[in-house]
$ cat start-v6.csv   # CSV, C-alpha atoms and all ligand atoms
chain,number,residue,atom,x,y,z
E,179,MET,CA,60.1,-110.8,105.5
E,180,ASN,CA,56.6,-109.4,106.0
E,181,ILE,CA,56.0,-106.5,108.3
E,182,LEU,CA,53.3,-104.2,109.4
E,183,LEU,CA,54.1,-100.6,110.3
E,184,LEU,CA,51.7,-98.9,112.7
E,185,GLY,CA,51.7,-95.4,114.0
E,186,SER,CA,49.7,-92.2,113.7
E,187,PRO,CA,49.7,-90.0,110.6
E,188,GLY,CA,53.1,-88.3,110.4
E,189,ALA,CA,54.8,-91.0,112.5
E,190,GLY,CA,57.2,-91.8,109.6
E,191,LYS,CA,55.6,-95.1,108.3
E,192,GLY,CA,55.9,-94.1,104.6
E,193,THR,CA,59.4,-92.8,105.0
E,194,GLN,CA,60.6,-96.0,106.6
E,195,ALA,CA,58.6,-98.2,104.3
E,196,LYS,CA,60.3,-96.6,101.3
E,197,ARG,CA,63.7,-97.2,102.8
E,198,LEU,CA,63.0,-100.9,103.5
E,199,GLU,CA,61.7,-101.2,99.9
E,200,GLU,CA,64.9,-99.8,98.5
E,201,ARG,CA,67.3,-101.7,100.7
E,202,TYR,CA,65.6,-105.1,100.8
E,203,GLY,CA,63.4,-105.2,97.8
E,204,MET,CA,60.3,-105.6,99.9
E,205,VAL,CA,57.0,-104.3,98.4
E,206,GLN,CA,55.4,-101.3,100.1
E,207,LEU,CA,51.7,-101.8,100.4
E,208,SER,CA,50.3,-98.3,101.3
E,209,THR,CA,46.6,-98.1,101.2
E,210,GLY,CA,46.8,-94.3,101.3
E,211,ASP,CA,49.0,-94.3,98.2
E,212,MET,CA,46.6,-96.8,96.5
E,213,LEU,CA,43.7,-94.4,97.2
E,214,ARG,CA,45.6,-91.4,96.0
E,215,ALA,CA,46.4,-93.3,92.8
E,216,GLU,CA,42.6,-94.1,92.4
E,217,ARG,CA,41.9,-90.4,92.8
E,218,ALA,CA,44.5,-89.3,90.3
E,219,ALA,CA,43.1,-91.8,87.8
E,220,GLY,CA,39.6,-90.4,88.4
E,221,THR,CA,38.1,-93.9,89.1
E,222,SER,CA,34.7,-94.1,90.8
E,223,LEU,CA,36.4,-95.5,93.9
E,224,GLY,CA,38.8,-92.5,93.8
E,225,LYS,CA,35.9,-90.1,93.6
E,226,GLN,CA,34.1,-91.9,96.4
E,227,ALA,CA,37.1,-91.8,98.7
E,228,GLN,CA,38.0,-88.1,97.9
E,229,ALA,CA,35.6,-86.4,100.3
E,230,ILE,CA,36.3,-88.9,103.1
E,231,MET,CA,40.1,-88.4,102.8
E,232,ASP,CA,39.8,-84.6,102.6
E,233,ALA,CA,37.8,-84.7,105.8
E,234,GLY,CA,40.4,-86.8,107.5
E,235,LYS,CA,38.0,-89.7,108.0
E,236,LEU,CA,38.5,-93.4,107.3
E,237,VAL,CA,37.2,-95.0,104.1
E,238,SER,CA,34.9,-98.0,104.8
E,239,ASP,CA,36.4,-101.3,105.9
E,240,ASP,CA,34.7,-103.2,103.1
E,241,ILE,CA,36.4,-101.0,100.4
E,242,MET,CA,39.8,-101.1,102.1
E,243,ILE,CA,39.7,-104.9,102.7
E,244,ALA,CA,38.8,-105.6,99.1
E,245,MET,CA,41.6,-103.2,97.9
E,246,ILE,CA,44.4,-104.8,100.0
E,247,LYS,CA,43.2,-108.4,99.3
E,248,GLY,CA,43.9,-108.1,95.6
E,249,ARG,CA,47.4,-106.8,96.3
E,250,ILE,CA,48.3,-109.5,98.8
E,251,GLU,CA,47.1,-112.2,96.4
E,252,GLN,CA,49.4,-110.7,93.7
E,253,LEU,CA,52.6,-110.7,95.8
E,254,GLY,CA,53.8,-114.1,94.6
E,255,GLY,CA,56.0,-114.7,97.6
E,256,LYS,CA,57.7,-111.2,97.7
E,257,GLY,CA,58.1,-109.7,101.2
E,258,PHE,CA,56.0,-106.7,102.0
E,259,ILE,CA,55.6,-103.7,104.3
E,260,LEU,CA,52.0,-102.8,105.2
E,261,ASP,CA,51.7,-99.1,105.7
E,262,GLY,CA,48.3,-97.6,106.6
E,263,PHE,CA,46.5,-100.9,106.8
E,264,PRO,CA,44.9,-102.2,109.1
E,265,ARG,CA,43.4,-99.1,110.6
E,266,THR,CA,40.5,-100.7,112.5
E,267,VAL,CA,40.0,-103.9,114.4
E,268,PRO,CA,37.7,-105.4,111.6
E,269,GLN,CA,40.6,-104.6,109.1
E,270,ALA,CA,43.1,-106.4,111.4
E,271,GLU,CA,40.8,-109.4,111.7
E,272,ALA,CA,40.3,-109.5,107.9
E,273,LEU,CA,44.0,-109.2,107.3
E,274,ASP,CA,44.7,-112.3,109.5
E,275,GLN,CA,42.2,-114.2,107.5
E,276,MET,CA,43.7,-113.1,104.2
E,277,LEU,CA,47.2,-114.0,105.4
E,278,ALA,CA,46.1,-117.4,106.6
E,279,GLU,CA,44.4,-118.1,103.3
E,280,ASN,CA,47.6,-117.2,101.4
E,281,LYS,CA,49.8,-119.1,103.9
E,282,ILE,CA,51.7,-115.9,104.8
E,283,THR,CA,52.9,-115.0,108.2
E,284,LEU,CA,53.7,-111.6,109.7
E,285,ASP,CA,57.3,-111.5,110.9
E,286,ALA,CA,56.9,-108.3,112.9
E,287,VAL,CA,54.4,-105.6,113.8
E,288,ILE,CA,56.2,-102.4,114.5
E,289,GLU,CA,54.6,-99.3,116.1
E,290,LEU,CA,56.3,-96.0,115.5
E,291,THR,CA,55.5,-93.9,118.6
E,292,VAL,CA,55.5,-90.1,118.3
E,293,ASP,CA,54.7,-87.1,120.4
E,294,GLU,CA,51.3,-85.8,119.1
E,295,GLU,CA,52.3,-82.1,119.5
E,296,ALA,CA,55.2,-82.6,117.1
E,297,LEU,CA,53.0,-84.1,114.5
E,298,ILE,CA,51.2,-81.0,113.2
E,299,ASP,CA,54.6,-79.4,112.5
E,300,ARG,CA,55.9,-82.6,111.0
E,301,ILE,CA,53.0,-83.2,108.7
E,302,GLY,CA,52.6,-79.5,107.8
E,303,GLY,CA,56.1,-79.3,106.3
E,304,ARG,CA,56.2,-82.6,104.4
E,305,PHE,CA,56.3,-83.1,100.7
E,306,SER,CA,57.3,-86.0,98.4
E,307,CYS,CA,58.8,-86.8,95.1
E,308,LYS,CA,56.2,-87.1,92.4
E,309,GLY,CA,58.3,-89.6,90.5
E,310,CYS,CA,59.2,-92.2,93.2
E,311,GLY,CA,57.3,-91.1,96.3
E,312,ALA,CA,60.4,-90.5,98.5
E,313,SER,CA,59.4,-88.2,101.3
E,314,TYR,CA,61.0,-85.0,102.5
E,315,HIS,CA,60.4,-82.2,105.0
E,316,ASP,CA,60.9,-78.4,104.7
E,317,ARG,CA,63.0,-78.3,107.8
E,318,HIS,CA,64.0,-81.8,109.0
E,319,ASN,CA,64.8,-83.6,105.8
E,320,ARG,CA,65.4,-81.6,102.6
E,321,PRO,CA,66.8,-83.1,99.4
E,322,LYS,CA,70.6,-83.1,99.5
E,323,GLN,CA,70.6,-81.0,96.3
E,324,GLU,CA,67.9,-78.3,96.3
E,325,SER,CA,64.8,-79.3,94.3
E,326,VAL,CA,66.3,-82.6,93.1
E,327,CYS,CA,65.0,-86.0,94.5
E,328,ASP,CA,67.9,-87.9,96.2
E,329,VAL,CA,66.5,-91.2,95.1
E,330,CYS,CA,65.4,-90.8,91.4
E,331,GLY,CA,66.6,-87.3,90.4
E,332,SER,CA,63.1,-86.0,89.6
E,333,HIS,CA,62.5,-82.2,90.0
E,334,ASP,CA,58.8,-82.7,90.6
E,335,PHE,CA,57.5,-82.6,94.2
E,336,VAL,CA,54.0,-82.8,95.6
E,337,ARG,CA,52.2,-81.9,98.9
E,338,ARG,CA,49.2,-83.8,100.1
E,339,PRO,CA,45.9,-81.9,100.2
E,340,ASP,CA,45.0,-83.6,103.5
E,341,ASP,CA,48.2,-82.3,105.2
E,342,ASN,CA,46.6,-79.1,106.5
E,343,ALA,CA,46.1,-78.4,110.2
E,344,GLU,CA,42.4,-78.9,110.2
E,345,THR,CA,42.4,-82.2,108.4
E,346,VAL,CA,45.4,-83.4,110.4
E,347,LYS,CA,43.4,-82.9,113.6
E,348,ALA,CA,40.6,-85.1,112.2
E,349,ARG,CA,43.1,-87.7,111.1
E,350,LEU,CA,44.7,-87.8,114.5
E,351,GLU,CA,41.3,-88.2,116.1
E,352,ALA,CA,40.5,-91.1,113.7
E,353,TYR,CA,43.8,-92.7,114.7
E,354,ARG,CA,43.1,-92.3,118.4
E,355,LYS,CA,39.6,-93.6,118.3
E,356,GLN,CA,39.6,-96.2,115.5
E,357,THR,CA,43.2,-97.4,115.1
E,358,THR,CA,44.7,-97.5,118.6
E,359,PRO,CA,42.3,-100.3,119.5
E,360,ILE,CA,44.3,-102.6,117.2
E,361,LEU,CA,47.5,-102.2,119.3
E,362,PRO,CA,46.2,-104.5,122.1
E,363,TYR,CA,45.2,-107.0,119.4
E,364,TYR,CA,48.8,-107.4,118.2
E,365,LYS,CA,50.2,-107.1,121.7
E,366,ALA,CA,48.1,-110.1,122.7
E,367,LYS,CA,49.6,-112.1,119.8
E,368,GLY,CA,53.1,-111.3,121.1
E,369,VAL,CA,54.3,-109.7,117.8
E,370,LEU,CA,54.1,-106.0,118.7
E,371,ARG,CA,57.3,-104.0,118.9
E,372,SER,CA,57.7,-100.3,119.5
E,373,VAL,CA,60.2,-97.9,118.1
E,374,ASP,CA,60.7,-94.2,119.1
E,375,GLY,CA,59.5,-92.4,116.0
E,376,MET,CA,60.8,-89.1,117.3
E,377,ALA,CA,64.4,-90.3,116.9
E,378,PRO,CA,66.3,-89.2,113.7
E,379,ILE,CA,65.2,-91.0,110.5
E,380,ASP,CA,68.4,-93.1,110.3
E,381,THR,CA,68.1,-94.1,113.9
E,382,VAL,CA,64.5,-95.3,113.4
E,383,THR,CA,65.6,-97.3,110.4
E,384,GLN,CA,68.4,-98.9,112.4
E,385,GLN,CA,66.0,-99.9,115.1
E,386,ILE,CA,63.6,-101.4,112.7
E,387,GLU,CA,66.5,-103.3,111.1
E,388,THR,CA,67.5,-104.7,114.5
E,389,ILE,CA,63.9,-105.9,115.1
E,390,LEU,CA,63.9,-107.5,111.6
E,391,LYS,CA,67.2,-109.3,112.2
E,392,LYS,CA,65.9,-110.7,115.5
E,393,ALA,CA,62.6,-111.8,113.9
E,394,LYS,CA,64.6,-113.6,111.2
E,395,GLY,CA,66.4,-115.5,114.0
E,401,LIG,P1,47.6,-92.3,104.6
E,401,LIG,O1,48.3,-92.0,103.4
E,401,LIG,O2,47.9,-93.7,105.2
E,401,LIG,O3,47.7,-91.2,105.7
E,401,LIG,O4,46.0,-92.3,104.2
E,401,LIG,C1,45.4,-91.2,103.7
E,401,LIG,C2,43.9,-91.3,103.9
E,401,LIG,O5,43.4,-92.4,103.1
E,401,LIG,C3,43.4,-91.5,105.3
E,401,LIG,O6,43.2,-90.3,106.0
E,401,LIG,C4,42.1,-92.2,105.0
E,401,LIG,O7,41.1,-91.3,104.6
E,401,LIG,C5,42.4,-93.1,103.8
E,401,LIG,N1,42.9,-94.5,104.2
E,401,LIG,C6,44.1,-95.0,104.0
E,401,LIG,N2,44.3,-96.2,104.5
E,401,LIG,C7,43.1,-96.5,105.0
E,401,LIG,C8,42.6,-97.6,105.7
E,401,LIG,N3,43.3,-98.7,105.9
E,401,LIG,N4,41.3,-97.6,106.2
E,401,LIG,C9,40.5,-96.5,106.0
E,401,LIG,N5,40.9,-95.4,105.3
E,401,LIG,C10,42.2,-95.4,104.9
$ encode --input "start-v6.csv" --output "structure tokens"
Amino acid sequence: MNILLLGSPGAGKGTQAKRLEERYGMVQLSTGDMLRAERAAGTSLGKQAQAIMDAGKLVSDDIMIAMIKGRIEQLGGKGFILDGFPRTVPQAEALDQMLAENKITLDAVIELTVDEEALIDRIGGRFSCKGCGASYHDRHNRPKQESVCDVCGSHDFVRRPDDNAETVKARLEAYRKQTTPILPYYKAKGVLRSVDGMAPIDTVTQQIETILKKAKG
């Protein structure tokens, strides 16, 4: 299955994508993770993206489209979960073209809806495993055993530099202005489904699984 997860920063896309990856062997395609890897590796793209990401703005469509194109072409028939792409209408149009060229169809586009006021708290407390990327939260989702990742057992955790209140405000604004216009795009195609992203993590996963079962027919 190939699915697209939409939703504002902090809506839970990464958390849910990781679960689907573990349970169904789908590949998570997170453009945010790809950019963070470029930064960590010190590539010229990573350096270029750094200031933009730290300001909570969007990296240019051309860069993002080229980045995801390579990954889609490498999938070799594996199912995927797109997380963080597309974020603009031109990205959504380019994605359609890439999928058509590779004879891939999207089975579902799922929007995780969240209450904006809760997002700053959610994002402010989040951290993830340095080893496998599993996500956690200081109050809502701590590892079962203190300081040990539930998934891979690592003791190393990281917090994102753009998860501070000021940058989060800019990221939410970018979402409102540049990303929400893609919702009508997918609604018009009849593939858009909404899930309440404020529900507990397990409930959100169950609702996504129900949508996927229906999409499978
Ligand atoms: P994320 O991990 O999805 O929250 O992305 C972190 C940051 O990476 C965003 O705030 C943007 O600066 C950049 N980014 C990730 N995906 C995209 C995209 N599809 N288009 C533009 N910028 C992106």
$ atom_distance --input "start-v6.csv" --atom1 "atom CA of Ile230 of chain E" --atom2 "atom CA of Ile243 of chain E"
16.4 Å
$ residues_near_point --input "start-v6.csv" --point "(43.3, -104.6, 104.0)" --cutoff "12 Å" --atoms "all atoms listed in the file" --output "number ranges by chain"
E: 182, 207-210, 212, 237-251, 260-277
$ write_last_selection --input "start-v6.csv" --atoms "C-alpha atoms" --output "PDB file, in the frame of the given file"
ATOM      1  CA  LEU E 182      53.300-104.200 109.400  1.00  0.00           C
ATOM      2  CA  LEU E 207      51.700-101.800 100.400  1.00  0.00           C
ATOM      3  CA  SER E 208      50.300 -98.300 101.300  1.00  0.00           C
ATOM      4  CA  THR E 209      46.600 -98.100 101.200  1.00  0.00           C
ATOM      5  CA  GLY E 210      46.800 -94.300 101.300  1.00  0.00           C
ATOM      6  CA  MET E 212      46.600 -96.800  96.500  1.00  0.00           C
ATOM      7  CA  VAL E 237      37.200 -95.000 104.100  1.00  0.00           C
ATOM      8  CA  SER E 238      34.900 -98.000 104.800  1.00  0.00           C
ATOM      9  CA  ASP E 239      36.400-101.300 105.900  1.00  0.00           C
ATOM     10  CA  ASP E 240      34.700-103.200 103.100  1.00  0.00           C
ATOM     11  CA  ILE E 241      36.400-101.000 100.400  1.00  0.00           C
ATOM     12  CA  MET E 242      39.800-101.100 102.100  1.00  0.00           C
ATOM     13  CA  ILE E 243      39.700-104.900 102.700  1.00  0.00           C
ATOM     14  CA  ALA E 244      38.800-105.600  99.100  1.00  0.00           C
ATOM     15  CA  MET E 245      41.600-103.200  97.900  1.00  0.00           C
ATOM     16  CA  ILE E 246      44.400-104.800 100.000  1.00  0.00           C
ATOM     17  CA  LYS E 247      43.200-108.400  99.300  1.00  0.00           C
ATOM     18  CA  GLY E 248      43.900-108.100  95.600  1.00  0.00           C
ATOM     19  CA  ARG E 249      47.400-106.800  96.300  1.00  0.00           C
ATOM     20  CA  ILE E 250      48.300-109.500  98.800  1.00  0.00           C
ATOM     21  CA  GLU E 251      47.100-112.200  96.400  1.00  0.00           C
ATOM     22  CA  LEU E 260      52.000-102.800 105.200  1.00  0.00           C
ATOM     23  CA  ASP E 261      51.700 -99.100 105.700  1.00  0.00           C
ATOM     24  CA  GLY E 262      48.300 -97.600 106.600  1.00  0.00           C
ATOM     25  CA  PHE E 263      46.500-100.900 106.800  1.00  0.00           C
ATOM     26  CA  PRO E 264      44.900-102.200 109.100  1.00  0.00           C
ATOM     27  CA  ARG E 265      43.400 -99.100 110.600  1.00  0.00           C
ATOM     28  CA  THR E 266      40.500-100.700 112.500  1.00  0.00           C
ATOM     29  CA  VAL E 267      40.000-103.900 114.400  1.00  0.00           C
ATOM     30  CA  PRO E 268      37.700-105.400 111.600  1.00  0.00           C
ATOM     31  CA  GLN E 269      40.600-104.600 109.100  1.00  0.00           C
ATOM     32  CA  ALA E 270      43.100-106.400 111.400  1.00  0.00           C
ATOM     33  CA  GLU E 271      40.800-109.400 111.700  1.00  0.00           C
ATOM     34  CA  ALA E 272      40.300-109.500 107.900  1.00  0.00           C
ATOM     35  CA  LEU E 273      44.000-109.200 107.300  1.00  0.00           C
ATOM     36  CA  ASP E 274      44.700-112.300 109.500  1.00  0.00           C
ATOM     37  CA  GLN E 275      42.200-114.200 107.500  1.00  0.00           C
ATOM     38  CA  MET E 276      43.700-113.100 104.200  1.00  0.00           C
ATOM     39  CA  LEU E 277      47.200-114.000 105.400  1.00  0.00           C
TER      40      LEU E 277
END
$ atom_distance --input "start-v6.csv" --atom1 "atom CA of Met204 of chain E" --atom2 "atom CA of Asn180 of chain E"
8.1 Å
$ atom_distance --input "start-v6.csv" --atom1 "atom CA of Asn342 of chain E" --atom2 "atom O2 of ligand LIG 401 (chain E)"
14.7 Å
$ residues_near_point --input "start-v6.csv" --point "(64.4, -85.0, 98.1)" --cutoff "12 Å" --atoms "all atoms listed in the file" --output "VMD selection string"
chain E and resid 193 304 to 336
$ write_last_selection --input "start-v6.csv" --atoms "C-alpha atoms" --output "short mmCIF file (atom, residue, chain, number, x, y, z; two decimals), in the coordinates of the input"
data_model
loop_
_atom_site.label_atom_id
_atom_site.label_comp_id
_atom_site.auth_asym_id
_atom_site.auth_seq_id
_atom_site.Cartn_x
_atom_site.Cartn_y
_atom_site.Cartn_z
CA THR E 193 59.40 -92.80 105.00
CA ARG E 304 56.20 -82.60 104.40
CA PHE E 305 56.30 -83.10 100.70
CA SER E 306 57.30 -86.00 98.40
CA CYS E 307 58.80 -86.80 95.10
CA LYS E 308 56.20 -87.10 92.40
CA GLY E 309 58.30 -89.60 90.50
CA CYS E 310 59.20 -92.20 93.20
CA GLY E 311 57.30 -91.10 96.30
CA ALA E 312 60.40 -90.50 98.50
CA SER E 313 59.40 -88.20 101.30
CA TYR E 314 61.00 -85.00 102.50
CA HIS E 315 60.40 -82.20 105.00
CA ASP E 316 60.90 -78.40 104.70
CA ARG E 317 63.00 -78.30 107.80
CA HIS E 318 64.00 -81.80 109.00
CA ASN E 319 64.80 -83.60 105.80
CA ARG E 320 65.40 -81.60 102.60
CA PRO E 321 66.80 -83.10 99.40
CA LYS E 322 70.60 -83.10 99.50
CA GLN E 323 70.60 -81.00 96.30
CA GLU E 324 67.90 -78.30 96.30
CA SER E 325 64.80 -79.30 94.30
CA VAL E 326 66.30 -82.60 93.10
CA CYS E 327 65.00 -86.00 94.50
CA ASP E 328 67.90 -87.90 96.20
CA VAL E 329 66.50 -91.20 95.10
CA CYS E 330 65.40 -90.80 91.40
CA GLY E 331 66.60 -87.30 90.40
CA SER E 332 63.10 -86.00 89.60
CA HIS E 333 62.50 -82.20 90.00
CA ASP E 334 58.80 -82.70 90.60
CA PHE E 335 57.50 -82.60 94.20
CA VAL E 336 54.00 -82.80 95.60
#
$ residues_around --input "start-v6.csv" --residues "segment 279-288 of chain E" --least-positions-apart "6" --cutoff "6 Å" --atoms "all atoms listed in the file" --output "list in words"
Asn180, Ile181, Leu182, Leu183, Leu184, Val369, Leu370, Arg371 and Ser372 of chain E
$ closest_residue --input "start-v6.csv" --among "E:Arg338, E:Arg197, E:Arg214, E:Lys225" --to "Asp380 of chain E" --atoms "all atoms listed in the file"
E:Arg197
$ closest_residue --input "start-v6.csv" --among "E:Met376, E:Met231, E:Val205, E:Ile301" --to "Arg217 of chain E" --atoms "only C-alpha atoms"
E:Met231
$ closest_residue --input "start-v6.csv" --among "E:Gln206, E:Thr221, E:Ala348, E:Thr357" --to "Leu253 of chain E" --atoms "all atoms listed in the file"
E:Gln206
$ closest_residue --input "start-v6.csv" --among "E:Ala278, E:Ala296, E:Leu350, E:Ala218" --to "ligand LIG 401 (chain E)" --atoms "only C-alpha atoms and all ligand atoms"
E:Leu350
$ residues_around --input "start-v6.csv" --residues "Pro378 of chain E" --least-positions-apart "5" --cutoff "12 Å" --atoms "only C-alpha atoms" --output "number ranges by chain"
E: 189-190, 193-194, 292, 318-319, 373, 383-385
$ closest_residue --input "start-v6.csv" --among "E:Lys256, E:Leu290, E:Leu198, E:Leu213" --to "Leu390 of chain E" --atoms "all atoms listed in the file"
E:Leu198
$ closest_residue --input "start-v6.csv" --among "E:Asp293, E:Asp232, E:Asp340, E:Glu216" --to "Gly375 of chain E" --atoms "all atoms listed in the file"
E:Asp293
$ residues_around --input "start-v6.csv" --residues "Ala343 of chain E" --least-positions-apart "6" --cutoff "12 Å" --atoms "all atoms listed in the file" --output "CSV table (one decimal) with C-alpha atoms, in the coordinates of the input"
chain,number,residue,atom,x,y,z
E,232,ASP,CA,39.8,-84.6,102.6
E,233,ALA,CA,37.8,-84.7,105.8
E,234,GLY,CA,40.4,-86.8,107.5
E,295,GLU,CA,52.3,-82.1,119.5
E,297,LEU,CA,53.0,-84.1,114.5
E,298,ILE,CA,51.2,-81.0,113.2
E,299,ASP,CA,54.6,-79.4,112.5
E,300,ARG,CA,55.9,-82.6,111.0
E,301,ILE,CA,53.0,-83.2,108.7
E,302,GLY,CA,52.6,-79.5,107.8
E,303,GLY,CA,56.1,-79.3,106.3
E,349,ARG,CA,43.1,-87.7,111.1
E,350,LEU,CA,44.7,-87.8,114.5
